[in-house]
file model24.txt (compact mmCIF, C-alpha atoms and all ligand atoms)
# COMPACT_ATOMS: atom_id res chain seq x y z
CA MET A 3 -11.31 102.50 -50.74
CA ILE A 4 -10.39 98.92 -51.75
CA GLY A 5 -7.24 97.39 -50.32
CA GLY A 6 -5.59 94.19 -49.04
CA SER A 7 -7.78 91.14 -49.44
CA GLN A 8 -10.53 93.22 -51.08
CA ALA A 9 -8.29 94.21 -54.00
CA PRO A 10 -10.04 93.67 -57.35
CA SER A 11 -9.15 90.62 -59.41
CA PRO A 12 -6.24 91.51 -61.70
CA GLN A 13 -8.28 90.00 -64.55
CA THR A 14 -10.97 92.67 -64.18
CA TYR A 15 -10.22 95.80 -66.15
CA ALA A 16 -11.63 98.32 -68.61
CA ARG A 17 -9.55 99.36 -71.60
CA GLY A 18 -8.74 103.05 -71.26
CA LEU A 19 -9.46 102.66 -67.51
CA GLU A 20 -12.97 103.95 -68.20
CA GLY A 21 -15.08 104.01 -65.06
CA LEU A 22 -12.10 103.22 -62.84
CA ILE A 23 -11.97 105.32 -59.67
CA THR A 24 -8.46 106.04 -58.40
CA GLY A 25 -9.29 107.89 -55.21
CA ASP A 26 -11.13 110.74 -53.50
CA THR A 27 -10.77 114.40 -54.37
CA ARG A 28 -12.05 117.67 -52.93
CA ILE A 29 -10.90 119.75 -55.88
CA SER A 30 -13.70 119.60 -58.43
CA ASP A 31 -16.95 117.85 -59.14
CA ILE A 32 -18.14 117.10 -62.66
CA ASP A 33 -21.69 116.00 -63.34
CA GLY A 34 -21.57 114.63 -66.87
CA LEU A 35 -25.34 114.12 -67.06
CA THR A 36 -26.54 117.57 -65.99
CA GLY A 37 -23.51 119.51 -67.24
CA ARG A 38 -22.37 120.98 -63.95
CA LEU A 39 -18.73 121.67 -63.10
CA THR A 40 -17.71 123.05 -59.71
CA TYR A 41 -14.31 123.93 -58.29
CA ARG A 42 -14.19 123.46 -54.51
CA GLY A 43 -17.99 123.77 -54.47
CA TYR A 44 -18.26 126.91 -56.65
CA SER A 45 -19.82 126.65 -60.11
CA ILE A 46 -17.60 127.68 -63.00
CA ALA A 47 -20.36 129.99 -64.26
CA ASP A 48 -20.16 132.00 -61.01
CA LEU A 49 -16.37 131.96 -60.98
CA GLU A 50 -16.11 133.01 -64.61
CA ALA A 51 -18.53 135.92 -64.02
CA ASN A 52 -17.07 137.17 -60.75
CA SER A 53 -13.43 136.14 -60.30
CA SER A 54 -9.96 136.64 -61.70
CA PHE A 55 -7.76 133.76 -62.82
CA GLU A 56 -5.48 134.50 -59.86
CA ALA A 57 -8.39 134.10 -57.40
CA VAL A 58 -9.58 130.90 -59.10
CA SER A 59 -6.11 129.36 -59.18
CA TYR A 60 -5.76 130.11 -55.46
CA LEU A 61 -9.16 128.51 -54.81
CA ILE A 62 -8.26 125.38 -56.79
CA LEU A 63 -4.85 124.97 -55.17
CA GLN A 64 -5.60 126.05 -51.60
CA GLY A 65 -9.22 124.93 -51.30
CA GLU A 66 -10.73 128.24 -50.23
CA VAL A 67 -11.66 131.61 -51.68
CA PRO A 68 -8.75 133.93 -50.89
CA THR A 69 -9.21 136.87 -48.55
CA ALA A 70 -8.09 140.22 -49.98
CA ALA A 71 -4.72 139.85 -48.21
CA GLN A 72 -4.25 136.26 -49.39
CA LEU A 73 -5.07 137.25 -52.95
CA GLU A 74 -2.61 140.12 -52.82
CA ASP A 75 0.15 137.79 -51.55
CA TRP A 76 -0.64 135.21 -54.25
CA GLN A 77 -0.64 137.89 -56.98
CA SER A 78 2.69 139.24 -55.83
CA GLU A 79 4.14 135.71 -55.61
CA LEU A 80 2.95 135.12 -59.21
CA ARG A 81 4.49 138.41 -60.33
CA ARG A 82 7.78 137.53 -58.60
CA TRP A 83 8.27 134.57 -60.97
CA ARG A 84 7.49 136.30 -64.26
CA ARG A 85 11.11 136.20 -65.43
CA PRO A 86 12.23 132.63 -66.16
CA PRO A 87 15.97 131.88 -66.49
CA ARG A 88 17.60 133.28 -69.65
CA ALA A 89 18.80 129.77 -70.57
CA ALA A 90 15.20 128.71 -71.21
CA PHE A 91 14.80 131.45 -73.83
CA ASP A 92 18.22 130.69 -75.31
CA SER A 93 17.19 127.06 -75.82
CA LEU A 94 14.62 128.25 -78.38
CA ALA A 95 17.44 129.09 -80.76
CA ARG A 96 18.08 125.34 -81.15
CA VAL A 97 14.43 124.44 -81.75
CA PRO A 98 13.17 124.58 -85.35
CA ARG A 99 10.57 127.30 -85.80
CA ARG A 100 8.26 124.83 -87.49
CA ALA A 101 8.12 122.65 -84.34
CA HIS A 102 4.70 122.73 -82.67
CA PRO A 103 4.57 125.57 -80.10
CA LEU A 104 3.59 123.07 -77.39
CA ALA A 105 6.82 121.15 -78.09
CA GLN A 106 8.84 124.38 -78.03
CA TYR A 107 7.20 125.42 -74.78
CA ARG A 108 7.82 122.01 -73.20
CA THR A 109 11.48 122.17 -74.22
CA MET A 110 11.89 125.59 -72.63
CA LEU A 111 10.23 124.46 -69.42
CA THR A 112 12.59 121.47 -69.23
CA VAL A 113 15.58 123.80 -69.47
CA ALA A 114 14.05 126.22 -66.96
CA ALA A 115 13.44 123.33 -64.55
CA CYS A 116 17.19 122.62 -64.48
CA HIS A 117 17.70 126.15 -63.18
CA THR A 118 15.20 126.00 -60.32
CA PRO A 119 16.53 127.00 -56.90
CA GLU A 120 16.01 123.55 -55.35
CA PRO A 121 15.53 121.02 -58.17
CA GLU A 122 16.06 117.86 -56.13
CA ASN A 123 14.07 118.91 -53.08
CA THR A 124 10.84 116.93 -53.14
CA THR A 125 9.72 117.51 -49.56
CA LEU A 126 6.07 118.54 -49.30
CA ASP A 127 7.11 122.10 -48.37
CA ALA A 128 9.30 122.39 -51.47
CA GLN A 129 6.53 121.01 -53.70
CA TRP A 130 4.15 123.65 -52.33
CA ARG A 131 6.67 126.37 -53.21
CA ARG A 132 6.42 125.42 -56.91
CA PRO A 133 2.92 126.29 -58.24
CA ALA A 134 3.46 130.07 -58.48
CA ARG A 135 6.79 129.59 -60.19
CA ILE A 136 5.39 127.03 -62.63
CA LEU A 137 2.33 129.15 -63.50
CA SER A 138 4.33 132.32 -64.13
CA TRP A 139 7.31 130.73 -65.82
CA THR A 140 5.10 128.74 -68.17
CA SER A 141 3.13 131.88 -69.04
CA ALA A 142 6.31 133.75 -70.07
CA LEU A 143 7.75 130.70 -71.86
CA ALA A 144 4.52 129.98 -73.70
CA ALA A 145 4.35 133.57 -74.92
CA ALA A 146 7.96 133.36 -76.14
CA ALA A 147 7.31 130.04 -77.89
CA ILE A 148 4.34 131.53 -79.74
CA ARG A 149 6.37 134.56 -80.83
CA HIS A 150 9.18 132.28 -81.98
CA LEU A 151 6.79 130.92 -84.65
CA ASP A 152 7.09 134.31 -86.36
CA GLY A 153 10.77 134.76 -85.54
CA LEU A 154 9.93 137.44 -82.94
CA ASP A 155 11.86 138.05 -79.72
CA ALA A 156 10.34 137.56 -76.29
CA VAL A 157 8.63 140.55 -74.63
CA GLU A 158 9.43 141.63 -71.05
CA PRO A 159 6.48 141.20 -68.64
CA ASN A 160 4.37 144.18 -67.63
CA ASP A 161 3.95 144.06 -63.87
CA GLU A 162 0.97 146.42 -63.96
CA LEU A 163 -1.07 143.67 -65.64
CA GLY A 164 -2.83 140.64 -64.19
CA PHE A 165 -2.01 137.06 -65.22
CA ALA A 166 -4.31 136.86 -68.28
CA ALA A 167 -3.56 140.34 -69.60
CA ASN A 168 0.18 139.91 -69.12
CA PHE A 169 0.18 136.61 -71.01
CA LEU A 170 -1.60 138.28 -73.94
CA TYR A 171 0.74 141.26 -73.75
CA GLN A 172 3.86 139.06 -73.74
CA THR A 173 2.42 137.03 -76.62
CA LEU A 174 1.10 139.81 -78.84
CA GLY A 175 3.38 142.69 -77.86
CA VAL A 176 0.37 144.95 -77.24
CA ILE A 177 -2.26 145.15 -74.50
CA PRO A 178 -5.55 143.96 -76.02
CA PRO A 179 -8.91 145.70 -75.37
CA ASP A 180 -10.51 144.99 -71.99
CA ASP A 181 -13.31 142.81 -73.38
CA GLU A 182 -10.75 140.54 -75.06
CA ILE A 183 -8.72 140.26 -71.88
CA ARG A 184 -11.91 139.40 -69.99
CA ALA A 185 -12.90 136.78 -72.58
CA PHE A 186 -9.43 135.25 -72.51
CA GLU A 187 -9.45 135.21 -68.72
CA ALA A 188 -12.87 133.51 -68.78
CA SER A 189 -11.35 130.79 -70.96
CA LEU A 190 -8.51 130.31 -68.47
CA ILE A 191 -10.98 130.13 -65.58
CA VAL A 192 -13.31 127.53 -67.09
CA GLN A 193 -10.35 125.40 -68.25
CA ALA A 194 -8.37 125.59 -65.00
CA GLU A 195 -9.40 122.21 -63.62
CA HIS A 196 -11.22 119.15 -64.88
CA GLY A 197 -10.82 116.21 -62.55
CA LEU A 198 -8.56 113.30 -63.32
CA HIS A 199 -8.63 113.51 -67.11
CA ALA A 200 -5.80 111.82 -69.03
CA ALA A 201 -3.26 114.65 -68.60
CA ALA A 202 -4.03 115.12 -64.89
CA PHE A 203 -3.64 111.38 -64.39
CA ALA A 204 -0.31 111.42 -66.26
CA ALA A 205 0.88 114.16 -63.87
CA LEU A 206 -0.39 112.19 -60.88
CA VAL A 207 1.50 109.06 -61.96
CA VAL A 208 4.72 111.07 -62.14
CA ILE A 209 4.28 112.82 -58.78
CA SER A 210 3.41 109.48 -57.15
CA THR A 211 6.93 108.21 -57.93
CA GLY A 212 8.50 110.92 -55.76
CA ALA A 213 9.35 113.22 -58.67
CA ASP A 214 9.10 117.01 -58.48
CA LEU A 215 6.01 119.01 -59.47
CA GLY A 216 7.69 120.40 -62.60
CA SER A 217 8.26 116.88 -63.96
CA ALA A 218 4.62 116.05 -63.25
CA VAL A 219 3.48 119.13 -65.20
CA LEU A 220 5.74 118.19 -68.12
CA ALA A 221 4.10 114.75 -68.22
CA GLY A 222 0.69 116.43 -68.25
CA MET A 223 1.76 118.62 -71.17
CA GLY A 224 2.82 115.59 -73.19
CA ALA A 225 -0.53 113.90 -72.58
CA LEU A 226 -2.50 117.05 -73.35
CA SER A 227 -0.86 117.54 -76.75
CA GLY A 228 -2.74 114.63 -78.34
CA ALA A 229 -5.53 115.22 -80.86
CA ARG A 230 -8.02 113.35 -78.63
CA HIS A 231 -7.25 115.74 -75.77
CA GLY A 232 -5.98 119.35 -75.74
CA GLY A 233 -4.89 119.29 -79.38
CA ALA A 234 -8.54 119.15 -80.45
CA ASN A 235 -9.13 122.93 -80.26
CA GLN A 236 -6.67 123.53 -83.09
CA LEU A 237 -8.30 120.81 -85.21
CA ALA A 238 -11.81 122.07 -84.46
CA PHE A 239 -10.92 125.58 -85.55
CA GLU A 240 -9.21 124.32 -88.71
CA MET A 241 -12.38 122.38 -89.56
CA MET A 242 -14.56 125.49 -89.15
CA ALA A 243 -12.12 127.81 -90.93
CA GLY A 244 -12.46 125.61 -94.02
CA PHE A 245 -16.04 126.88 -94.62
CA GLU A 246 -17.03 130.16 -96.21
CA ASN A 247 -20.52 130.30 -94.77
CA ALA A 248 -23.07 128.47 -92.63
CA ASP A 249 -24.80 126.77 -95.58
CA GLN A 250 -21.57 125.24 -96.74
CA ALA A 251 -20.83 124.06 -93.18
CA ARG A 252 -24.34 122.53 -92.90
CA THR A 253 -24.05 120.65 -96.21
CA TRP A 254 -20.61 119.28 -95.38
CA THR A 255 -21.66 118.29 -91.85
CA ARG A 256 -24.70 116.33 -93.07
CA ALA A 257 -22.52 114.40 -95.51
CA ALA A 258 -19.83 113.86 -92.87
CA LEU A 259 -22.44 112.59 -90.40
CA GLY A 260 -23.49 110.06 -93.01
CA ARG A 261 -19.87 108.85 -93.29
CA GLY A 262 -19.56 108.46 -89.50
CA HIS A 263 -16.97 111.26 -89.32
CA ARG A 264 -15.42 112.03 -85.92
CA PHE A 265 -15.68 115.79 -85.41
CA PRO A 266 -12.89 117.46 -83.39
CA GLY A 267 -14.33 119.59 -80.58
CA PHE A 268 -17.33 117.29 -80.09
CA GLY A 269 -17.97 114.43 -77.67
CA HIS A 270 -16.49 113.93 -74.25
CA ARG A 271 -15.60 111.02 -72.01
CA VAL A 272 -17.53 112.54 -69.09
CA TYR A 273 -20.12 114.96 -70.51
CA LYS A 274 -23.03 113.28 -72.22
CA CYS A 275 -24.89 116.62 -72.23
CA PRO A 276 -23.98 120.21 -73.16
CA ASP A 277 -20.53 121.08 -71.76
CA PRO A 278 -20.87 123.87 -69.14
CA ARG A 279 -17.55 125.39 -70.31
CA VAL A 280 -19.05 125.87 -73.77
CA ARG A 281 -22.12 127.56 -72.29
CA ALA A 282 -19.86 129.93 -70.35
CA LEU A 283 -17.68 130.84 -73.34
CA GLU A 284 -20.23 131.08 -76.15
CA PRO A 285 -21.39 134.63 -75.26
CA HIS A 286 -17.75 135.81 -75.17
CA ALA A 287 -16.98 134.15 -78.52
CA GLU A 288 -20.04 135.60 -80.20
CA ARG A 289 -19.25 139.10 -78.93
CA ILE A 290 -15.57 138.99 -79.90
CA LEU A 291 -16.27 137.55 -83.35
CA ARG A 292 -18.94 140.17 -84.07
CA SER A 293 -16.69 142.98 -82.84
CA HIS A 294 -14.08 141.83 -85.36
CA GLY A 295 -16.64 141.64 -88.20
CA LEU A 296 -16.36 137.84 -88.16
CA GLU A 297 -20.06 137.03 -87.62
CA HIS A 298 -19.87 134.47 -90.44
CA ARG A 299 -17.54 132.43 -88.26
CA TRP A 300 -20.09 132.49 -85.42
CA GLU A 301 -22.81 131.38 -87.85
CA ILE A 302 -20.61 128.56 -89.15
CA TYR A 303 -19.98 127.39 -85.59
CA THR A 304 -23.67 127.42 -84.63
CA ALA A 305 -24.68 125.66 -87.87
CA LEU A 306 -22.12 122.92 -87.29
CA ARG A 307 -22.98 122.61 -83.60
CA ASP A 308 -26.72 122.40 -84.26
CA GLU A 309 -26.35 119.81 -87.04
CA ILE A 310 -24.03 117.59 -85.01
CA GLU A 311 -25.99 117.91 -81.77
CA SER A 312 -29.34 117.21 -83.36
CA ALA A 313 -27.94 114.08 -85.04
CA LEU A 314 -25.64 112.84 -82.26
CA GLY A 315 -27.08 114.49 -79.12
CA PRO A 316 -29.21 111.39 -78.41
CA LYS A 317 -25.91 109.47 -78.30
CA GLY A 318 -24.44 112.01 -75.84
CA ILE A 319 -22.29 113.90 -78.34
CA TYR A 320 -22.28 117.69 -77.83
CA ALA A 321 -19.82 120.50 -78.50
CA ASN A 322 -16.97 120.35 -75.99
CA VAL A 323 -14.77 123.23 -74.83
CA ASP A 324 -12.31 122.66 -77.68
CA SER A 325 -14.96 123.64 -80.23
CA ILE A 326 -15.17 127.18 -78.90
CA THR A 327 -11.78 128.35 -77.60
CA GLY A 328 -10.21 128.73 -81.05
CA LEU A 329 -13.07 131.04 -82.03
CA LEU A 330 -12.02 133.29 -79.16
CA TYR A 331 -8.26 133.04 -79.59
CA HIS A 332 -8.09 133.58 -83.34
CA PRO A 333 -9.50 137.16 -83.48
CA MET A 334 -7.23 138.09 -80.59
CA GLY A 335 -4.28 137.28 -82.80
CA LEU A 336 -3.09 133.91 -81.51
CA PRO A 337 -1.80 131.62 -84.27
CA VAL A 338 -3.86 128.47 -84.81
CA SER A 339 -1.12 126.05 -83.83
CA ALA A 340 -0.84 127.89 -80.50
CA PHE A 341 -4.46 127.27 -79.45
CA PRO A 342 -3.64 124.31 -77.17
CA ILE A 343 -1.25 126.51 -75.16
CA PRO A 344 -3.76 128.61 -73.16
CA PHE A 345 -5.60 125.37 -72.34
CA CYS A 346 -2.33 123.93 -71.04
CA LEU A 347 -1.51 127.10 -69.14
CA ALA A 348 -4.87 127.04 -67.37
CA ILE A 349 -5.33 123.37 -66.68
CA GLN A 350 -1.91 122.81 -65.17
CA THR A 351 -3.45 124.55 -62.12
CA GLY A 352 -5.69 121.53 -61.68
CA TRP A 353 -2.85 119.07 -62.34
CA MET A 354 -0.80 120.70 -59.60
CA ALA A 355 -3.74 120.71 -57.19
CA HIS A 356 -4.32 116.98 -57.78
CA CYS A 357 -0.62 116.26 -57.30
CA LEU A 358 -0.46 118.25 -54.05
CA GLU A 359 -3.66 116.64 -52.80
CA TYR A 360 -2.22 113.17 -53.53
CA LEU A 361 1.27 113.77 -52.17
CA PRO A 362 1.01 113.51 -48.38
CA ASP A 363 0.27 109.79 -48.31
CA GLY A 364 -0.51 108.63 -51.87
CA PRO A 365 1.19 105.36 -52.89
CA MET A 366 3.13 104.98 -56.14
CA ILE A 367 0.69 104.39 -59.01
CA GLU A 368 1.64 101.21 -60.80
CA PRO A 369 -1.15 99.22 -62.45
CA GLY A 370 -0.60 95.84 -64.08
CA ALA A 371 -1.59 94.24 -67.38
CA VAL A 372 -2.99 90.81 -68.22
CA TYR A 373 -0.36 88.80 -70.13
CA VAL A 374 -1.90 87.34 -73.29
CA GLY A 375 1.32 86.61 -75.25
CA SER A 376 2.89 83.24 -76.07
CA ALA A 377 3.24 80.66 -73.34
CA ASP A 378 6.67 80.14 -71.78
CA SER A 379 8.53 78.08 -74.41
CA SER A 380 11.77 77.47 -72.43
N1 LIG A 401 -17.80 112.94 -83.59
C1 LIG A 401 -18.63 111.96 -84.02
N2 LIG A 401 -18.88 110.85 -83.29
C2 LIG A 401 -18.28 110.74 -82.10
C3 LIG A 401 -17.43 111.73 -81.60
C4 LIG A 401 -17.20 112.86 -82.40
N3 LIG A 401 -16.39 113.83 -81.99
N4 LIG A 401 -16.97 111.35 -80.38
C5 LIG A 401 -17.52 110.17 -80.13
N5 LIG A 401 -18.30 109.77 -81.15
C6 LIG A 401 -19.08 108.55 -81.27
C7 LIG A 401 -18.14 107.40 -81.67
O1 LIG A 401 -18.05 107.25 -83.06
C8 LIG A 401 -18.82 106.23 -80.99
O2 LIG A 401 -19.92 105.84 -81.80
P1 LIG A 401 -20.37 104.28 -81.88
O3 LIG A 401 -20.76 103.93 -80.48
O4 LIG A 401 -21.50 104.31 -82.83
O5 LIG A 401 -19.16 103.54 -82.36
C9 LIG A 401 -19.40 106.83 -79.71
O6 LIG A 401 -19.57 108.21 -79.98
C10 LIG A 401 -18.48 106.66 -78.53
O7 LIG A 401 -17.17 107.06 -78.93
P2 LIG A 401 -15.89 106.78 -78.03
O8 LIG A 401 -14.67 107.16 -78.78
O9 LIG A 401 -15.95 105.40 -77.47
O10 LIG A 401 -16.17 107.78 -76.85
P3 LIG A 401 -15.16 108.26 -75.79
O11 LIG A 401 -15.97 108.65 -74.63
O12 LIG A 401 -14.05 107.31 -75.56
O13 LIG A 401 -14.55 109.51 -76.54
C11 LIG A 401 -13.50 111.50 -77.06
C12 LIG A 401 -14.29 110.74 -76.01
C13 LIG A 401 -13.28 112.90 -76.51
C14 LIG A 401 -12.12 110.83 -77.26
C15 LIG A 401 -14.28 111.53 -78.39
O14 LIG A 401 -15.53 112.11 -78.19
C16 LIG A 401 -13.51 112.27 -79.48
O15 LIG A 401 -12.64 111.67 -80.12
N6 LIG A 401 -13.85 113.58 -79.70
C17 LIG A 401 -13.13 114.36 -80.69
C18 LIG A 401 -11.84 114.88 -80.10
C19 LIG A 401 -12.07 115.95 -79.07
O16 LIG A 401 -12.82 116.89 -79.27
N7 LIG A 401 -11.37 115.82 -77.93
C20 LIG A 401 -11.42 116.81 -76.87
C21 LIG A 401 -12.17 116.30 -75.70
S1 LIG A 401 -12.34 117.59 -74.48
call {"tool": "encode", "arguments": {"input": "model24.txt", "output": "structure tokens"}}
result
Amino acid sequence: MIGGSQAPSPQTYARGLEGLITGDTRISDIDGLTGRLTYRGYSIADLEANSSFEAVSYLILQGEVPTAAQLEDWQSELRRWRRPPRAAFDSLARVPRRAHPLAQYRTMLTVAACHTPEPENTTLDAQWRRPARILSWTSALAAAAIRHLDGLDAVEPNDELGFAANFLYQTLGVIPPDDEIRAFEASLIVQAEHGLHAAAFAALVVISTGADLGSAVLAGMGALSGARHGGANQLAFEMMAGFENADQARTWTRAALGRGHRFPGFGHRVYKCPDPRVRALEPHAERILRSHGLEHRWEIYTALRDEIESALGPKGIYANVDSITGLLYHPMGLPVSAFPIPFCLAIQTGWMAHCLEYLPDGPMIEPGAVYVGSADSS
């Protein structure tokens, strides 16, 4: 840690804060050169294969694998908050249906936040009471926002279902087949935490001011919506959906590479090697696409991925998680503009964990800027 007289010169900075370390964390470790991502010491490949989203969210937030009793308590706490205040749903009536579902969802959460039992209580205990409520409320609100795109009413939760299955049920109005629930849950698990990326940092800045956890999550959502961040999965899918077959995708990609095109769903600030989240989700995507008779979409994806990686791999550009999630979500019936929502739903777990880890003694985050404008002319 640097402090006092060892503080760095204010003239030394990197645009985009690249390479800047803001503190220690015990939540996750990302090795961008070997492609390894661990939550609290457990690899995402193991967690995705062997755990539920509920168990992984507990691990990320609490720092340890839950015992059976702890998991049961956490699951029942999550179920307890599955019914957000009516006012949040009513607010949808005033939001144009054409508005992006992330914006609709954010609006509903803002209204819901005004109805929380203890909105102004920002003691550490009160902040720790919020994650279950935020996870479950946002799941119900996100499902309602997605249905609103088609003018459909919200669906009551089904308390027999786990977190992932219930979100799909409240979104689609039917319980999907088990393999689709499992694939969706895998996508939530591998996207549940990713260090201090831009959205997590936005949340951290807000919590550092003494604000409540809900406000921090709303800040994260705003940051995540950008095309360079969580909005990229929608753009990546739209790019792939524009091709009829793998040959067409290959021809277009070669020409686009020649023009220096920036491909959504490729490249990453941290990973300069294959993204472990992609490796975990590819088998699910291939299976789901084939089971829906959409193998051409799998072939288009692999053609595009192979062309881009063989040309740009030496520069550290590989498919990132946003290249693959849309391929999973589309056959399940999620509308394309809604693809960033499951990412948001999952990764807010990590934002909350970072906020709660920072809270006990973290100072307010307030960097400076080097003034390069006109000299004082008074
Ligand atoms: N397609 C083609 N080239 C890419 C690229 C992409 N998706 N991403 C980066 N590059 C190239 C840049 O053109 C640049 O090349 P140059 O050095 O010859 O000028 C080089 O890689 C570095 O790009 P830069 O934007 O500085 O890298 P970054 O680490 O700041 O960028 C992203 C990270 C994520 C913003 C960037 O990879 C991107 O825009 N990807 C597409 C959006 C996306 O998928 N975002 C989701 C991330 S999970």
call {"tool": "residues_near_ligand", "arguments": {"input": "model24.txt", "ligand": "ligand LIG 401 (chain A)", "cutoff": "7 Å", "atoms": "all atoms listed in the file", "output": "compact mmCIF listing (two decimals) with C-alpha atoms, in the coordinates of the input"}}
result
# COMPACT_ATOMS: atom_id res chain seq x y z
CA ALA A 229 -5.53 115.22 -80.86
CA ARG A 230 -8.02 113.35 -78.63
CA HIS A 231 -7.25 115.74 -75.77
CA GLY A 232 -5.98 119.35 -75.74
CA ALA A 234 -8.54 119.15 -80.45
CA GLY A 262 -19.56 108.46 -89.50
CA HIS A 263 -16.97 111.26 -89.32
CA ARG A 264 -15.42 112.03 -85.92
CA PHE A 265 -15.68 115.79 -85.41
CA PRO A 266 -12.89 117.46 -83.39
CA GLY A 267 -14.33 119.59 -80.58
CA PHE A 268 -17.33 117.29 -80.09
CA GLY A 269 -17.97 114.43 -77.67
CA HIS A 270 -16.49 113.93 -74.25
CA ARG A 271 -15.60 111.02 -72.01
CA VAL A 272 -17.53 112.54 -69.09
CA LYS A 317 -25.91 109.47 -78.30
CA ILE A 319 -22.29 113.90 -78.34
CA ASN A 322 -16.97 120.35 -75.99
CA VAL A 323 -14.77 123.23 -74.83
CA ASP A 324 -12.31 122.66 -77.68
call {"tool": "closest_atom_pairs", "arguments": {"input": "model24.txt", "of": "range 219-261 of chain A", "to": "range 192-211 of chain A", "cutoff": "9 Å", "atoms": "all atoms listed in the file", "output": "JSON lines"}}
result
{"residue": "A:Val219", "atom": "CA", "partner": "A:Ala205", "partner_atom": "CA", "distance": 5.8}
{"residue": "A:Leu220", "atom": "CA", "partner": "A:Ala205", "partner_atom": "CA", "distance": 7.6}
{"residue": "A:Ala221", "atom": "CA", "partner": "A:Ala205", "partner_atom": "CA", "distance": 5.4}
{"residue": "A:Gly222", "atom": "CA", "partner": "A:Ala201", "partner_atom": "CA", "distance": 4.3}
{"residue": "A:Met223", "atom": "CA", "partner": "A:Ala201", "partner_atom": "CA", "distance": 6.9}
{"residue": "A:Gly224", "atom": "CA", "partner": "A:Ala201", "partner_atom": "CA", "distance": 7.7}
{"residue": "A:Ala225", "atom": "CA", "partner": "A:Ala201", "partner_atom": "CA", "distance": 4.9}
{"residue": "A:Leu226", "atom": "CA", "partner": "A:Ala201", "partner_atom": "CA", "distance": 5.4}
{"residue": "A:Ser227", "atom": "CA", "partner": "A:Ala201", "partner_atom": "CA", "distance": 9.0}
{"residue": "A:His231", "atom": "CA", "partner": "A:Ala200", "partner_atom": "CA", "distance": 7.9}
{"residue": "A:Gly232", "atom": "CA", "partner": "A:Ala201", "partner_atom": "CA", "distance": 9.0}
call {"tool": "residues_around", "arguments": {"input": "model24.txt", "residues": "range 180-189 of chain A", "least_positions_apart": "3", "cutoff": "10 Å", "atoms": "all atoms listed in the file", "output": "ChimeraX atom specification"}}
result
/A:46-47,49-56,164-171,177,192-194,279-280,282-287,289-290,323,326-327,330-331,333-334,344-345,348
call {"tool": "atom_distance", "arguments": {"input": "model24.txt", "atom1": "CA of Trp130 in chain A", "atom2": "CA of Leu358 in chain A"}}
result
7.3 Å
call {"tool": "atom_distance", "arguments": {"input": "model24.txt", "atom1": "CA of Leu80 in chain A", "atom2": "CA of Ala134 in chain A"}}
result
5.1 Å
call {"tool": "closest_residue", "arguments": {"input": "model24.txt", "among": "A:Met354, A:Gly244, A:Arg299, A:Asp31", "to": "Gln64 in chain A", "atoms": "only C-alpha atoms"}}
result
A:Met354
call {"tool": "residues_around", "arguments": {"input": "model24.txt", "residues": "Gln236 in chain A", "least_positions_apart": "3", "cutoff": "7 Å", "atoms": "only C-alpha atoms", "output": "PyMOL selection string"}}
result
chain A and resi 233+239-240+328+338-339+341-342
call {"tool": "closest_residue", "arguments": {"input": "model24.txt", "among": "A:Ala355, A:His298, A:Tyr107, A:Arg131", "to": "Arg42 in chain A", "atoms": "all atoms listed in the file"}}
result
A:Ala355
call {"tool": "atom_distance", "arguments": {"input": "model24.txt", "atom1": "CA of Glu288 in chain A", "atom2": "CA of Asp308 in chain A"}}
result
15.3 Å
call {"tool": "residues_around", "arguments": {"input": "model24.txt", "residues": "Ala90 in chain A", "least_positions_apart": "4", "cutoff": "6 Å", "atoms": "only C-alpha atoms", "output": "PyMOL selection string"}}
result
chain A and resi 110+113-114
call {"tool": "residues_around", "arguments": {"input": "model24.txt", "residues": "Arg256 in chain A", "least_positions_apart": "3", "cutoff": "10 Å", "atoms": "all atoms listed in the file", "output": "ChimeraX atom specification"}}
result
/A:251-253,259-261,263,306,309-310,313
call {"tool": "closest_residue", "arguments": {"input": "model24.txt", "among": "A:Ala218, A:Leu35, A:Leu237, A:Leu151", "to": "Gly318 in chain A", "atoms": "all atoms listed in the file"}}
result
A:Leu35
call {"tool": "closest_residue", "arguments": {"input": "model24.txt", "among": "A:Ile148, A:Ile62, A:Leu296, A:Ala115", "to": "Pro337 in chain A", "atoms": "only C-alpha atoms"}}
result
A:Ile148
call {"tool": "closest_residue", "arguments": {"input": "model24.txt", "among": "A:Gly43, A:Gly175, A:Pro362, A:Gly153", "to": "Ala95 in chain A", "atoms": "only C-alpha atoms"}}
result
A:Gly153
call {"tool": "residues_around", "arguments": {"input": "model24.txt", "residues": "Ile136 in chain A", "least_positions_apart": "4", "cutoff": "9 Å", "atoms": "all atoms listed in the file", "output": "JSON, numbers by chain"}}
result
{"A": [83, 111, 132, 140, 141, 215, 216, 219, 350]}
call {"tool": "write_last_selection", "arguments": {"input": "model24.txt", "atoms": "C-alpha atoms", "output": "mmCIF file, in the coordinates of the input"}}
result
data_model
loop_
_atom_site.group_PDB
_atom_site.id
_atom_site.type_symbol
_atom_site.label_atom_id
_atom_site.label_comp_id
_atom_site.auth_asym_id
_atom_site.auth_seq_id
_atom_site.Cartn_x
_atom_site.Cartn_y
_atom_site.Cartn_z
ATOM 1 C CA TRP A 83 8.270 134.570 -60.970
ATOM 2 C CA LEU A 111 10.230 124.460 -69.420
ATOM 3 C CA ARG A 132 6.420 125.420 -56.910
ATOM 4 C CA THR A 140 5.100 128.740 -68.170
ATOM 5 C CA SER A 141 3.130 131.880 -69.040
ATOM 6 C CA LEU A 215 6.010 119.010 -59.470
ATOM 7 C CA GLY A 216 7.690 120.400 -62.600
ATOM 8 C CA VAL A 219 3.480 119.130 -65.200
ATOM 9 C CA GLN A 350 -1.910 122.810 -65.170
#
